[in-house]
>>> print(open('start.txt').read())   # compact mmCIF, C-alpha atoms
# COMPACT_ATOMS: atom_id res chain seq x y z
CA MET C 1 -43.60 42.89 13.00
CA CYS C 2 -41.32 40.25 14.52
CA VAL C 3 -37.54 40.53 14.42
CA TYR C 4 -35.52 37.46 15.29
CA ASP C 5 -32.00 37.68 16.74
CA THR C 6 -32.52 41.26 17.88
CA LEU C 7 -34.09 42.79 20.97
CA LEU C 8 -37.33 43.66 19.20
CA SER C 9 -40.36 41.38 19.08
CA ASP C 10 -43.78 42.91 18.50
CA ASP C 11 -46.73 43.07 16.10
CA GLY C 12 -47.33 46.33 14.30
CA VAL C 13 -44.87 48.85 15.74
CA ASN C 14 -43.83 52.48 15.30
CA ILE C 15 -40.14 53.08 16.00
CA SER C 16 -38.26 56.34 15.60
CA ASN C 17 -34.80 57.58 16.52
CA SER C 18 -33.86 61.20 15.95
CA SER C 19 -30.13 60.53 16.26
CA GLY C 20 -29.53 57.26 14.40
CA PRO C 21 -31.07 54.07 12.97
CA ALA C 22 -34.56 53.13 14.08
CA ILE C 23 -33.43 49.49 14.08
CA PHE C 24 -29.69 48.82 14.54
CA ILE C 25 -28.29 45.29 14.28
CA SER C 26 -24.58 45.15 15.11
CA ASP C 27 -23.75 41.44 15.32
CA ALA C 28 -25.99 38.49 14.46
CA LYS C 29 -25.70 35.33 12.43
CA LYS C 30 -29.22 35.55 11.01
CA ILE C 31 -31.63 38.49 10.84
CA VAL C 32 -35.23 37.72 9.88
CA ILE C 33 -37.89 40.41 10.01
CA GLU C 34 -41.40 39.00 9.73
CA LEU C 35 -44.21 41.37 8.78
CA VAL C 36 -47.18 39.86 10.53
CA ASP C 37 -50.36 39.53 8.44
CA GLY C 38 -52.70 42.49 8.77
CA THR C 39 -50.20 44.72 10.59
CA THR C 40 -48.51 47.96 9.54
CA SER C 41 -45.20 49.00 11.07
CA THR C 42 -43.37 52.29 10.57
CA ILE C 43 -39.73 53.08 11.28
CA THR C 44 -38.13 56.53 11.05
CA ASP C 45 -34.53 57.59 11.60
CA GLY C 46 -32.63 60.86 11.95
CA GLY C 47 -29.25 62.33 12.77
CA THR C 48 -26.06 62.40 10.69
CA ASP C 49 -24.52 58.95 11.30
CA LYS C 50 -22.39 58.14 8.23
CA ILE C 51 -21.43 54.64 9.39
CA ASN C 52 -24.71 53.18 10.66
CA ASP C 53 -26.44 54.77 7.71
CA GLY C 54 -29.88 53.20 7.43
CA ALA C 55 -33.24 53.57 9.13
CA LEU C 56 -32.96 49.77 9.22
CA PHE C 57 -29.24 49.07 9.51
CA SER C 58 -27.41 45.77 9.91
CA ASN C 59 -23.82 44.56 9.78
CA ASP C 60 -25.20 41.21 8.64
CA THR C 61 -27.64 39.83 6.04
CA ILE C 62 -31.25 41.00 6.43
CA THR C 63 -34.20 38.85 5.30
CA ILE C 64 -37.72 40.32 5.25
CA LYS C 65 -40.79 38.09 4.93
CA GLY C 66 -44.46 37.93 5.89
CA ASN C 67 -47.58 39.59 4.53
CA GLY C 68 -47.74 42.75 6.59
CA THR C 69 -46.67 46.28 5.64
CA LEU C 70 -43.47 48.08 6.58
CA ASN C 71 -43.12 51.84 6.03
CA ILE C 72 -39.57 53.21 6.18
CA ASN C 73 -38.77 56.93 6.41
CA SER C 74 -35.08 57.73 6.24
CA ASN C 75 -34.05 61.27 7.10
CA ASN C 76 -30.35 60.49 7.50
CA ALA C 77 -29.22 58.34 4.56
CA HIS C 78 -30.56 54.98 3.34
CA GLY C 79 -33.86 53.24 3.99
CA ILE C 80 -32.46 49.72 4.40
CA SER C 81 -28.68 49.38 4.66
CA SER C 82 -26.71 46.16 5.11
CA ASP C 83 -23.00 45.42 5.15
CA ASP C 84 -23.93 42.02 3.69
CA ASP C 85 -27.06 40.98 1.72
CA VAL C 86 -30.65 42.19 1.64
CA ILE C 87 -33.24 39.50 0.80
CA ILE C 88 -36.92 40.30 0.29
CA GLN C 89 -39.08 37.17 0.47
CA SER C 90 -42.53 38.81 0.76
CA GLY C 91 -44.46 41.66 2.31
CA THR C 92 -45.30 45.23 1.34
CA ILE C 93 -42.41 47.65 1.85
CA ASN C 94 -42.74 51.40 1.27
CA ILE C 95 -39.49 53.39 1.47
CA THR C 96 -38.85 57.12 1.30
CA SER C 97 -35.18 57.90 1.81
CA LYS C 98 -32.80 60.85 1.79
CA LYS C 99 -30.23 58.74 -0.04
CA THR C 100 -30.59 55.16 -1.35
CA GLY C 101 -33.80 53.20 -0.78
CA ILE C 102 -32.12 49.80 -0.34
CA MET C 103 -28.32 49.67 -0.06
CA ALA C 104 -26.34 46.41 0.19
CA ASN C 105 -22.59 46.02 0.40
CA ASP C 106 -23.06 42.56 -1.12
CA ASP C 107 -26.20 41.31 -2.94
CA ILE C 108 -29.84 42.39 -3.19
CA THR C 109 -32.37 39.61 -3.91
CA ILE C 110 -36.10 40.19 -4.40
CA ASN C 111 -38.08 36.94 -4.53
CA ASP C 112 -41.61 38.26 -3.94
CA GLY C 113 -43.55 41.04 -2.29
CA THR C 114 -44.49 44.60 -3.21
CA LEU C 115 -41.87 47.34 -3.00
CA ASN C 116 -42.45 51.07 -3.50
CA ILE C 117 -39.19 52.99 -3.27
CA LYS C 118 -38.53 56.73 -3.49
CA GLY C 119 -34.80 57.29 -3.31
CA GLY C 120 -33.08 60.61 -2.83
CA THR C 121 -29.95 59.41 -4.65
CA ASN C 122 -30.25 55.77 -5.79
CA GLY C 123 -33.35 53.61 -5.62
CA LEU C 124 -31.76 50.17 -5.34
CA LYS C 125 -27.98 49.93 -5.00
CA SER C 126 -25.95 46.75 -4.69
CA LYS C 127 -22.16 46.68 -4.53
CA GLY C 128 -22.55 42.99 -5.34
CA THR C 129 -25.30 41.57 -7.56
CA MET C 130 -28.96 42.44 -8.12
CA ASN C 131 -31.31 39.46 -8.42
CA ILE C 132 -34.99 40.00 -9.15
CA ASN C 133 -36.94 36.74 -9.18
CA GLY C 134 -40.50 37.82 -8.41
CA GLY C 135 -42.78 40.35 -6.79
CA LYS C 136 -43.62 43.86 -7.93
CA THR C 137 -41.10 46.64 -7.51
CA ILE C 138 -41.64 50.31 -8.36
CA VAL C 139 -38.48 52.32 -7.78
CA TYR C 140 -37.56 55.97 -8.34
CA GLY C 141 -34.06 57.41 -8.08
CA GLY C 142 -32.74 60.82 -7.19
CA THR C 143 -31.77 63.90 -9.16
CA LYS C 144 -27.97 63.65 -9.18
CA GLU C 145 -26.63 62.80 -12.65
CA GLU C 146 -24.36 60.01 -11.47
CA LYS C 147 -27.06 58.21 -9.45
CA SER C 148 -29.37 55.41 -10.58
CA ALA C 149 -32.83 54.06 -10.03
CA VAL C 150 -31.26 50.58 -10.17
CA PHE C 151 -27.51 50.03 -9.72
CA ALA C 152 -25.68 46.70 -9.53
CA GLN C 153 -21.91 46.75 -9.46
CA SER C 154 -21.34 43.03 -10.11
CA GLY C 155 -24.23 42.02 -12.36
CA PHE C 156 -28.00 42.17 -12.60
CA THR C 157 -30.09 39.02 -13.12
CA TYR C 158 -33.83 39.02 -13.79
CA THR C 159 -35.83 35.76 -13.72
CA GLY C 160 -39.39 36.94 -12.98
CA GLY C 161 -41.72 39.41 -11.36
CA THR C 162 -42.21 43.04 -12.31
CA LEU C 163 -39.82 45.98 -12.18
CA TYR C 164 -40.78 49.55 -13.04
CA ALA C 165 -38.02 52.11 -12.57
CA ALA C 166 -37.44 55.79 -13.32
CA GLY C 167 -34.28 57.75 -12.67
CA ASN C 168 -31.21 59.30 -14.24
CA ALA C 169 -29.71 55.89 -15.05
CA VAL C 170 -30.24 52.14 -14.64
CA THR C 171 -27.96 49.11 -14.71
CA GLN C 172 -28.87 46.94 -17.66
CA PRO C 173 -29.46 43.26 -16.77
CA SER C 174 -26.80 40.79 -17.82
CA SER C 175 -29.30 37.93 -17.80
CA MET C 176 -33.06 38.20 -18.29
CA SER C 177 -36.05 35.90 -18.79
CA ALA C 178 -38.21 38.64 -20.37
CA PRO C 179 -37.43 41.67 -22.52
CA CYS C 180 -35.92 44.69 -20.81
CA PHE C 181 -37.29 48.00 -22.09
CA VAL C 182 -35.32 51.17 -21.37
CA ALA C 183 -36.52 54.51 -22.75
CA ALA C 184 -33.92 57.30 -22.51
CA PHE C 185 -34.55 61.03 -22.79
CA SER C 186 -32.05 63.67 -23.92
CA ALA C 187 -33.17 66.10 -21.24
CA ALA C 188 -34.47 65.52 -17.72
CA MET C 189 -38.19 64.94 -17.49
CA PRO C 190 -39.96 66.88 -14.72
CA ALA C 191 -40.56 65.61 -11.22
CA ASN C 192 -44.13 64.56 -10.41
CA SER C 193 -44.95 64.04 -14.07
CA THR C 194 -47.42 61.29 -14.95
CA ILE C 195 -46.02 58.41 -16.99
CA LYS C 196 -48.63 56.18 -18.60
CA ILE C 197 -47.45 52.95 -20.21
CA LYS C 198 -49.76 50.92 -22.42
CA LYS C 199 -49.21 47.33 -23.47
CA ASN C 200 -50.94 46.36 -26.72
CA ASN C 201 -53.17 49.47 -26.40
CA SER C 202 -54.31 48.55 -22.87
CA ASP C 203 -53.20 50.33 -19.69
CA LEU C 204 -50.21 48.64 -18.10
CA VAL C 205 -48.99 51.03 -15.38
CA THR C 206 -49.04 54.66 -14.32
CA LEU C 207 -45.90 56.02 -12.66
CA ASN C 208 -45.34 59.31 -10.82
CA PRO C 209 -41.63 59.83 -10.08
CA HIS C 210 -41.07 62.27 -7.22
CA ASN C 211 -37.81 63.50 -8.78
CA SER C 212 -36.77 64.43 -12.30
CA TYR C 213 -35.53 61.51 -14.41
CA LYS C 214 -33.83 60.70 -17.73
CA CYS C 215 -34.87 57.10 -18.29
CA ILE C 216 -37.61 54.56 -17.66
CA MET C 217 -37.07 50.80 -17.25
CA ILE C 218 -39.79 48.14 -17.60
CA MET C 219 -39.35 44.41 -17.02
CA SER C 220 -42.24 42.04 -16.41
CA SER C 221 -43.11 38.40 -16.94
CA ASP C 222 -46.44 39.80 -18.20
CA VAL C 223 -44.68 41.73 -21.01
CA PRO C 224 -43.16 39.07 -23.27
CA THR C 225 -41.33 39.33 -26.57
CA GLY C 226 -43.61 40.78 -29.26
CA SER C 227 -45.50 43.05 -26.87
CA SER C 228 -46.14 46.63 -27.96
CA LEU C 229 -45.37 49.34 -25.41
CA SER C 230 -46.54 52.95 -25.74
CA VAL C 231 -45.07 55.77 -23.61
CA ASN C 232 -47.10 58.86 -22.69
CA ILE C 233 -45.88 61.54 -20.28
CA ASP C 234 -48.19 64.35 -19.22
CA ASN C 235 -50.41 63.67 -22.24
CA ASN C 236 -47.48 63.79 -24.68
CA ASP C 237 -46.68 60.67 -26.71
CA TYR C 238 -43.10 59.42 -26.80
CA GLY C 239 -43.46 56.51 -29.17
CA THR C 240 -44.72 52.96 -29.49
CA TYR C 241 -42.22 50.11 -29.49
CA THR C 242 -42.48 46.39 -30.28
CA LEU C 243 -40.25 44.39 -27.96
CA LYS C 244 -37.68 41.93 -29.15
CA SER C 245 -35.96 39.49 -26.79
CA GLY C 246 -33.20 40.85 -24.61
CA LEU C 247 -32.45 44.51 -24.18
CA ASN C 248 -34.65 47.08 -25.91
CA ALA C 249 -32.95 50.47 -25.43
CA VAL C 250 -34.60 53.37 -27.25
CA ASN C 251 -34.13 57.13 -27.49
CA ALA C 252 -37.62 58.37 -26.67
CA GLY C 253 -37.02 62.10 -27.00
>>> encode(input="start.txt", output="structure tokens")
Amino acid sequence: MCVYDTLLSDDGVNISNSSGPAIFISDAKKIVIELVDGTTSTITDGGTDKINDGALFSNDTITIKGNGTLNINSNNAHGISSDDDVIIQSGTINITSKKTGIMANDDITINDGTLNIKGGTNGLKSKGTMNINGGKTIVYGGTKEEKSAVFAQSGFTYTGGTLYAAGNAVTQPSSMSAPCFVAAFSAAMPANSTIKIKKNNSDLVTLNPHNSYKCIMIMSSDVPTGSSLSVNIDNNDYGTYTLKSGLNAVNAG
């Protein structure tokens, strides 16, 4: 992993801090974290810092790129936290966080890469906009009723890639290039249940949320208008739905 405009520069690192962020960026014009091909880096935080509240924390915009792997374990609050934007260009990022997986005071943009996020409260939270343009993102939210797997305060735009989400709520996209499927449940579904989604009778994805959840969101450039989606949870069927363009919100049970 290489970090430009900070004090860290290394390939494949393990960084932990029991009293604050593992990586803390206080003042920089440009933050680029490059995940070097073939490397795996792990960062872990701790403590009770409510201001510098991320295992990877920055007062400025964070861009992550490269084809390596970054594991983030947040024991204090958020996995990635930025006072500005968070931009994911590429790489494999696995986040387990006490609070939000990725938290941005401004915008979150995902252009490519593979993200696996287990949030304790929210999965992805932007106080600005959410922009998903590519990559594959699997995101699970927390158990609190008011929290979301995906939350965007100022608009959510989807232009490509894949998003699978499970949580108590999701922000519906305001602009989308493929159908958005949201299945809602009247009662919370159990943590660690097995969700199997089929597309046109063929397996599409299997999800295993670590927390209880009340809705599932699916958006993918591989699931166009006219596709048939079937929902099965712990070997119980919750319906088959043919997608129309735009938002497809259904009461699944």
>>> residues_around(input="start.txt", residues="Phe151 of chain C", least_positions_apart="3", cutoff="12 Å", atoms="all atoms listed in the file", output="PyMOL selection string")
chain C and resi 100-105+107-108+121-131+139-141+146-148+154-157+165+167-173
>>> closest_residue(input="start.txt", among="C:Leu115, C:Cys180, C:Ala188, C:Val250", to="Thr225 of chain C", atoms="only C-alpha atoms")
C:Cys180
>>> residues_around(input="start.txt", residues="Gly91 of chain C", least_positions_apart="3", cutoff="6 Å", atoms="only C-alpha atoms", output="VMD selection string")
chain C and resid 65 to 68 113
>>> residues_around(input="start.txt", residues="Lys244 of chain C", least_positions_apart="4", cutoff="9 Å", atoms="all atoms listed in the file", output="list in words")
Pro179, Cys180, Pro224, Thr225, Gly226, Ser227 and Asn248 of chain C
>>> residues_around(input="start.txt", residues="Thr39 of chain C", least_positions_apart="3", cutoff="7 Å", atoms="all atoms listed in the file", output="PyMOL selection string")
chain C and resi 11-12+36+68-69
>>> closest_residue(input="start.txt", among="C:Lys98, C:Val13, C:Thr92, C:Ser175", to="Ile110 of chain C", atoms="all atoms listed in the file")
C:Thr92
>>> residues_around(input="start.txt", residues="Val182 of chain C", least_positions_apart="5", cutoff="6 Å", atoms="all atoms listed in the file", output="list in words")
Ile216, Met217 and Ala249 of chain C
>>> atom_distance(input="start.txt", atom1="atom CA of Ile51 of chain C", atom2="atom CA of Phe24 of chain C")
11.3 Å
>>> closest_residue(input="start.txt", among="C:Ile197, C:Ile80, C:Leu35, C:Met189", to="Ser58 of chain C", atoms="only C-alpha atoms")
C:Ile80
>>> residues_near_point(input="start.txt", point="(-23.4, 43.0, 7.4)", cutoff="7 Å", atoms="only C-alpha atoms", output="number ranges by chain")
C: 58-61, 82-84
